[in-house]
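Just model_17.tsv here, TSV, C-alpha atoms:
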```
chain	number	residue	atom	x	y	z
A	1	PHE	CA	10.93	75.65	-43.94
A	2	THR	CA	8.83	78.80	-43.46
A	3	ASP	CA	5.57	76.89	-43.96
A	4	TRP	CA	6.41	74.59	-41.05
A	5	MET	CA	7.58	77.56	-38.96
A	6	TYR	CA	4.31	79.36	-39.62
A	7	TYR	CA	2.33	76.21	-38.82
A	8	PHE	CA	3.92	75.96	-35.37
A	9	THR	CA	3.37	79.66	-34.64
A	10	ILE	CA	-0.37	79.78	-35.38
A	11	GLY	CA	-2.69	79.48	-32.40
A	12	GLU	CA	-5.32	76.85	-31.71
A	13	ASP	CA	-8.19	79.36	-31.87
A	14	ILE	CA	-8.24	79.37	-35.69
A	15	GLY	CA	-10.08	76.06	-35.83
A	16	VAL	CA	-9.16	72.46	-36.50
A	17	SER	CA	-10.07	72.60	-40.20
A	18	LEU	CA	-7.60	75.41	-41.00
A	19	GLN	CA	-4.92	73.69	-38.96
A	20	MET	CA	-5.44	70.47	-40.93
A	21	VAL	CA	-5.28	72.32	-44.28
A	22	GLN	CA	-2.06	74.01	-43.21
A	23	LEU	CA	-0.59	70.71	-42.01
A	24	ILE	CA	-1.54	68.87	-45.22
A	25	SER	CA	-0.02	71.60	-47.39
A	26	CYS	CA	3.20	71.45	-45.32
A	27	ILE	CA	3.42	67.67	-45.68
A	28	ALA	CA	2.64	67.82	-49.42
A	29	GLY	CA	5.31	70.47	-49.95
A	30	THR	CA	7.90	68.49	-48.03
A	31	LEU	CA	7.13	65.31	-50.00
A	32	SER	CA	7.30	67.09	-53.37
A	33	TRP	CA	10.62	68.66	-52.39
A	34	LEU	CA	12.02	65.29	-51.28
A	35	ILE	CA	10.89	63.63	-54.53
A	36	ILE	CA	12.59	66.27	-56.66
A	37	ALA	CA	15.72	66.47	-54.48
A	38	SER	CA	16.14	62.69	-54.48
A	39	ASP	CA	15.62	62.46	-58.26
A	40	GLY	CA	12.63	60.15	-57.81
A	41	ARG	CA	14.20	57.81	-55.25
A	42	ILE	CA	11.44	58.55	-52.75
A	43	MET	CA	8.85	57.44	-55.33
A	44	ASP	CA	10.87	54.29	-55.90
A	45	TRP	CA	10.84	53.53	-52.16
A	46	LEU	CA	7.09	54.12	-52.06
A	47	ARG	CA	6.65	51.81	-55.06
A	48	ARG	CA	8.68	49.06	-53.39
A	49	GLY	CA	6.79	49.53	-50.12
A	50	ALA	CA	3.43	49.34	-51.88
A	51	MET	CA	4.49	46.18	-53.72
A	52	ALA	CA	5.66	44.55	-50.46
A	53	PHE	CA	2.41	45.50	-48.70
A	54	VAL	CA	0.17	44.16	-51.49
A	55	LEU	CA	2.11	40.90	-51.82
A	56	HIS	CA	2.16	40.37	-48.04
A	57	PHE	CA	-1.60	41.00	-47.88
A	58	LEU	CA	-2.24	38.45	-50.63
A	59	LYS	CA	-0.03	35.91	-48.88
A	60	ILE	CA	-2.12	36.34	-45.72
A	61	LEU	CA	-5.32	35.80	-47.73
A	62	PHE	CA	-3.88	32.71	-49.34
A	63	GLY	CA	-2.81	31.35	-45.94
A	64	LEU	CA	-6.32	31.82	-44.56
A	65	ARG	CA	-7.81	30.21	-47.68
A	66	LYS	CA	-5.41	27.24	-47.36
A	67	ARG	CA	-6.29	26.77	-43.68
A	68	TRP	CA	-10.01	26.91	-44.47
A	69	ALA	CA	-9.54	24.33	-47.25
A	70	LYS	CA	-7.75	21.97	-44.86
A	71	LEU	CA	-10.54	22.29	-42.30
A	72	ARG	CA	-13.15	21.72	-45.00
A	73	HIS	CA	-11.43	18.56	-46.29
A	74	TRP	CA	-10.23	17.24	-42.94
A	75	ASP	CA	-11.63	13.77	-43.59
A	76	ARG	CA	-9.43	13.10	-46.64
A	77	ASP	CA	-6.11	14.06	-48.11
A	78	TYR	CA	-6.37	17.39	-49.86
A	79	ASN	CA	-3.78	18.80	-52.23
A	80	TYR	CA	-4.39	22.53	-52.28
A	81	TRP	CA	-1.61	22.98	-54.87
A	82	SER	CA	-4.02	21.63	-57.48
A	83	ASP	CA	-6.81	23.97	-56.37
A	84	ASP	CA	-8.05	26.52	-58.90
A	85	PHE	CA	-7.68	29.22	-56.26
A	86	TYR	CA	-3.96	28.50	-55.94
A	87	ARG	CA	-3.42	28.79	-59.70
A	88	TYR	CA	-5.42	32.02	-59.72
A	89	TYR	CA	-3.35	33.27	-56.78
A	90	ARG	CA	-0.04	32.57	-58.57
A	91	ASN	CA	-1.31	34.35	-61.66
A	92	ILE	CA	-2.30	37.42	-59.63
A	93	ILE	CA	1.09	37.46	-57.88
A	94	ALA	CA	2.93	37.31	-61.20
A	95	ARG	CA	0.84	40.14	-62.65
A	96	ILE	CA	1.35	42.37	-59.61
A	97	GLU	CA	5.11	41.78	-59.58
A	98	ASP	CA	5.27	42.54	-63.30
A	99	PHE	CA	3.18	45.70	-62.84
A	100	PHE	CA	5.40	47.09	-60.08
A	101	ALA	CA	8.59	46.01	-61.89
A	102	LYS	CA	7.62	47.94	-65.02
A	103	GLY	CA	7.00	50.99	-62.85
A	104	PHE	CA	6.01	54.32	-64.32
A	105	ASN	CA	7.37	57.60	-65.63
A	106	PHE	CA	6.36	61.01	-64.40
A	107	PRO	CA	7.49	64.43	-65.67
A	108	THR	CA	9.23	66.71	-63.21
A	109	GLY	CA	7.25	69.64	-64.58
A	110	ALA	CA	3.98	68.01	-63.59
A	111	LEU	CA	5.40	67.30	-60.13
A	112	LEU	CA	6.38	70.96	-59.75
A	113	LEU	CA	2.90	72.10	-60.76
A	114	LEU	CA	1.40	69.61	-58.34
A	115	GLY	CA	3.59	71.07	-55.60
A	116	ILE	CA	2.20	74.53	-56.40
A	117	LEU	CA	-1.39	73.29	-56.19
A	118	LEU	CA	-0.91	71.27	-53.01
A	119	GLU	CA	1.57	73.46	-51.13
A	120	ASP	CA	2.09	77.03	-52.31
A	121	LEU	CA	-1.43	78.12	-53.26
A	122	PRO	CA	-3.00	76.61	-50.09
A	123	GLN	CA	-0.25	78.31	-48.06
A	124	VAL	CA	-1.13	81.71	-49.51
A	125	ILE	CA	-4.89	81.29	-49.08
A	126	VAL	CA	-4.73	79.80	-45.58
A	127	THR	CA	-2.24	82.43	-44.42
A	128	PHE	CA	-4.56	85.27	-45.44
A	129	ILE	CA	-7.52	83.54	-43.76
A	130	ILE	CA	-5.60	82.87	-40.53
A	131	GLU	CA	-4.28	86.42	-40.31
A	132	ASP	CA	-7.74	87.84	-40.98
A	133	LEU	CA	-9.27	85.72	-38.21
A	134	GLY	CA	-6.55	86.63	-35.75
A	135	GLU	CA	-7.02	90.40	-36.03
A	136	GLU	CA	-10.06	92.00	-34.40
A	137	ASP	CA	-9.25	95.66	-35.18
A	138	GLY	CA	-8.48	95.23	-38.82
A	139	PHE	CA	-6.39	93.13	-41.18
A	140	SER	CA	-2.63	93.02	-40.70
A	141	LEU	CA	0.16	90.54	-41.34
A	142	SER	CA	2.55	89.21	-38.76
A	143	SER	CA	6.23	89.01	-39.57
A	144	THR	CA	6.07	85.19	-39.82
A	145	ALA	CA	3.03	85.36	-42.12
A	146	LEU	CA	4.70	87.99	-44.31
A	147	LEU	CA	7.84	85.85	-44.63
A	148	ASN	CA	5.71	82.80	-45.44
A	149	LEU	CA	3.82	84.68	-48.17
A	150	LEU	CA	6.96	86.15	-49.72
A	151	LEU	CA	8.69	82.79	-49.92
A	152	SER	CA	5.50	81.11	-51.19
A	153	PHE	CA	5.27	83.59	-54.09
A	154	PHE	CA	8.98	83.15	-54.77
A	155	ASP	CA	8.55	79.36	-54.71
A	156	ILE	CA	5.64	79.58	-57.17
A	157	GLY	CA	7.69	81.65	-59.60
A	158	HIS	CA	10.72	79.38	-59.25
A	159	LYS	CA	8.70	76.20	-59.83
A	160	LEU	CA	6.92	77.67	-62.86
A	161	ALA	CA	10.23	78.75	-64.39
A	162	GLU	CA	11.82	75.35	-63.77
A	163	ALA	CA	8.79	73.54	-65.20
A	164	TRP	CA	8.95	75.79	-68.28
A	165	ASP	CA	12.68	75.20	-68.78
A	166	SER	CA	12.48	71.40	-68.45
A	167	PRO	CA	9.26	70.24	-70.15
A	168	LYS	CA	10.81	66.95	-71.29
A	169	ASP	CA	12.54	65.92	-68.07
A	170	MET	CA	11.20	62.56	-66.93
A	171	VAL	CA	11.82	60.54	-63.78
A	172	ARG	CA	11.49	56.78	-64.17
A	173	VAL	CA	10.55	54.59	-61.22
A	174	ALA	CA	10.97	50.92	-62.11
A	175	ASP	CA	13.06	47.78	-61.72
A	176	SER	CA	12.89	46.76	-65.37
A	177	LEU	CA	15.35	47.85	-68.04
A	178	LEU	CA	14.77	51.23	-69.65
A	179	HIS	CA	15.29	49.97	-73.18
A	180	VAL	CA	16.82	46.91	-74.86
A	181	ILE	CA	18.88	47.34	-78.04
A	182	ARG	CA	19.47	44.30	-80.22
A	183	GLU	CA	21.25	45.68	-83.26
A	184	HIS	CA	24.37	43.51	-82.93
A	185	SER	CA	24.20	39.84	-83.82
A	186	ARG	CA	27.50	39.05	-82.09
A	187	ALA	CA	29.36	40.20	-78.96
A	188	VAL	CA	29.76	43.93	-78.24
A	189	ARG	CA	33.30	44.82	-77.13
A	190	SER	CA	33.23	48.59	-76.70
A	191	LEU	CA	30.73	51.40	-76.14
A	192	ILE	CA	31.31	55.17	-76.40
A	193	LEU	CA	28.90	57.98	-75.48
A	194	MET	CA	29.07	60.83	-77.98
A	195	SER	CA	27.33	64.20	-77.90
A	196	GLY	CA	23.77	64.33	-76.63
A	197	SER	CA	22.02	60.98	-76.78
A	198	ARG	CA	24.24	59.47	-79.49
A	199	PHE	CA	26.61	56.61	-78.85
A	200	VAL	CA	28.86	54.25	-80.83
A	201	SER	CA	28.99	50.51	-80.24
A	202	GLY	CA	31.59	48.18	-81.66
A	203	GLY	CA	31.95	44.42	-81.58
A	204	ASP	CA	32.61	41.25	-83.49
A	205	ASP	CA	30.15	42.13	-86.26
A	206	GLY	CA	31.07	45.79	-86.87
A	207	ILE	CA	30.47	49.35	-85.66
A	208	LYS	CA	27.13	51.14	-85.30
A	209	VAL	CA	26.24	54.74	-84.49
A	210	MET	CA	22.90	54.96	-82.71
A	211	GLU	CA	20.73	57.60	-81.10
A	212	ILE	CA	18.29	57.30	-78.19
A	213	GLU	CA	14.96	59.12	-78.38
A	214	THR	CA	12.49	59.66	-75.53
A	215	ASP	CA	8.82	60.50	-76.04
A	216	ALA	CA	8.12	63.52	-73.83
A	217	SER	CA	4.44	62.68	-73.39
A	218	THR	CA	4.70	58.96	-72.58
A	219	GLY	CA	8.34	58.52	-71.54
A	220	ASN	CA	8.78	55.62	-73.96
A	221	ILE	CA	12.35	55.13	-75.17
A	222	THR	CA	13.26	54.17	-78.73
A	223	HIS	CA	16.46	54.11	-80.77
A	224	LYS	CA	17.56	54.33	-84.36
A	225	VAL	CA	20.77	53.39	-86.21
A	226	LEU	CA	22.31	56.44	-87.87
A	227	ARG	CA	25.26	54.71	-89.54
A	228	SER	CA	27.03	51.35	-89.51
A	229	TRP	CA	30.28	49.79	-90.70
A	230	ASP	CA	30.92	46.10	-91.32
A	231	GLU	CA	34.52	46.02	-90.07
A	232	GLU	CA	34.56	42.99	-87.79
A	233	ASN	CA	36.51	42.01	-84.67
A	234	VAL	CA	36.49	45.39	-82.94
A	235	LEU	CA	38.36	45.14	-79.62
A	236	GLU	CA	38.44	48.71	-78.31
A	237	MET	CA	37.32	52.22	-79.25
A	238	VAL	CA	38.61	55.54	-77.86
A	239	LYS	CA	36.84	58.89	-78.21
A	240	LEU	CA	39.00	61.78	-79.47
A	241	ASP	CA	36.27	64.42	-79.71
A	242	GLU	CA	32.55	64.62	-80.47
A	243	SER	CA	33.08	63.50	-84.09
A	244	LYS	CA	36.21	61.30	-84.05
A	245	ILE	CA	37.05	57.91	-82.54
A	246	VAL	CA	40.00	55.54	-82.72
A	247	VAL	CA	39.30	51.84	-83.23
A	248	ARG	CA	41.57	48.89	-82.42
A	249	TYR	CA	40.87	45.60	-84.24
A	250	ASP	CA	41.81	42.01	-83.53
A	251	GLU	CA	44.02	41.02	-86.43
```

Take the structure in this file and express it as structure tokens.
Amino acid sequence: FTDWMYYFTIGEDIGVSLQMVQLISCIAGTLSWLIIASDGRIMDWLRRGAMAFVLHFLKILFGLRKRWAKLRHWDRDYNYWSDDFYRYYRNIIARIEDFFAKGFNFPTGALLLLGILLEDLPQVIVTFIIEDLGEEDGFSLSSTALLNLLLSFFDIGHKLAEAWDSPKDMVRVADSLLHVIREHSRAVRSLILMSGSRFVSGGDDGIKVMEIETDASTGNITHKVLRSWDEENVLEMVKLDESKIVVRYDE
């Protein structure tokens, strides 16, 4: 908030370049805050918008190519569906849709550090430069500039502490499934989340205790079976505590 307040209080005599740097840092800070506050939903909207834009652009190109092909072959029947360009176009569309559907993972710590580089540090540097240019009889800070600097330094410390405390936090932006588990050969009837990333699944072919693991560097998700029982025809499971469950079977 203070960065925008300071931006609107600075005069026009500081130059267009400093005004643009201040504006860009304000926009970058607002976007980074929105991404973190929305738990990555803003990035998901941007991903969907980019996919829609790219696909719409390719459809326009294909329409122009189809019209040109009709004009070129006006003297005879032309089936553009059999054209090599159309097959290439469908292949490109499928690859782009698959690319955007898979999405990407990004660590919140890296996003916080990016916010420091794009918002807080430029705010501090530009504020000192603007205040130095605005004073002819010596360097002094206005009340708005002082408030902006204090909150910028506080924001830097807060973001560094949060990035240090959550080095493995990842935000996934995708349409595809996070991870597919195929450990049961028959229907699964009940699922219980235990402590941490462990869960118990029960079904027609028995009970399995599994654990989900996430690679902090890549965001890839894997799982492993910790224990299994072959008691079949599980109908329902109820969690008593972190180490005990009650199972009801179909007799």

* Asked: Near Gly202 (chain A), within 9 Å and counting only C-alpha atoms, which residues show up once chain neighbours fewer than 2 positions away are dropped, as number ranges by chain?
  -> A: 184, 187-192, 200, 204-209, 232-237, 247

Draw an axis-aligned box over all listed atoms of region 96-108 of chain A, pad each side with 8 Å, and write its centre and edge lengths in Å, one decimal, as JSON.
```
{"center_x": 5.3, "center_y": 54.2, "center_z": -62.6, "size_x": 23.9, "size_y": 40.9, "size_z": 22.1}
```

* To do: Skip Lys224 (chain A) itself and residues of its chain fewer than 2 positions away, then list as a ChimeraX atom specification all residues within 9 Å of it, counting only C-alpha atoms.
  => /A:209-213,222,226

What lies within 8 Å of region 148-159 of chain A using all atoms listed in the file, ignoring chain neighbours under 4 positions off, as a PDB file with C-alpha atoms, in the coordinates of the input?
```
ATOM      1  CA  THR A   2       8.830  78.800 -43.460  1.00  0.00           C
ATOM      2  CA  ASP A   3       5.570  76.890 -43.960  1.00  0.00           C
ATOM      3  CA  TYR A   6       4.310  79.360 -39.620  1.00  0.00           C
ATOM      4  CA  LEU A 112       6.380  70.960 -59.750  1.00  0.00           C
ATOM      5  CA  LEU A 113       2.900  72.100 -60.760  1.00  0.00           C
ATOM      6  CA  ILE A 116       2.200  74.530 -56.400  1.00  0.00           C
ATOM      7  CA  ASP A 120       2.090  77.030 -52.310  1.00  0.00           C
ATOM      8  CA  LEU A 121      -1.430  78.120 -53.260  1.00  0.00           C
ATOM      9  CA  GLN A 123      -0.250  78.310 -48.060  1.00  0.00           C
ATOM     10  CA  VAL A 124      -1.130  81.710 -49.510  1.00  0.00           C
ATOM     11  CA  THR A 127      -2.240  82.430 -44.420  1.00  0.00           C
ATOM     12  CA  THR A 144       6.070  85.190 -39.820  1.00  0.00           C
ATOM     13  CA  ALA A 163       8.790  73.540 -65.200  1.00  0.00           C
TER      14      ALA A 163
END
```

* Long-range neighbours of Leu114 (chain A) as a PyMOL selection string, 12 Å cut-off, all atoms listed in the file, 2 positions minimum in chain -> chain A and resi 25+28-29+31-33+35-36+106-112+116-122+156+159-160+163

* Asked: In Å, with one decimal, what is the gap from CA of Gln19 (chain A) to CA of Ser38 (chain A)?
  -> 28.4 Å

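Computed from the coordinates, the CA of Arg87 (chain A) to CA of Leu61 (chain A) distance equals 14.0 Å.
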
* To do: For CA of His223 (chain A) and CA of Ser197 (chain A), quote the distance in Å rounded to one decimal.
  => 9.7 Å

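Proximity of A:Trp164, A:Ile27, A:Val54, A:Arg47 to Phe100 (chain A), computed with all atoms listed in the file, is greatest for A:Arg47.
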
* Nearby residues (only C-alpha atoms) at most 12 Å from Leu240 (chain A), same-chain spacing under 4 positions excluded, as a ChimeraX atom specification -> /A:192-194,244-247
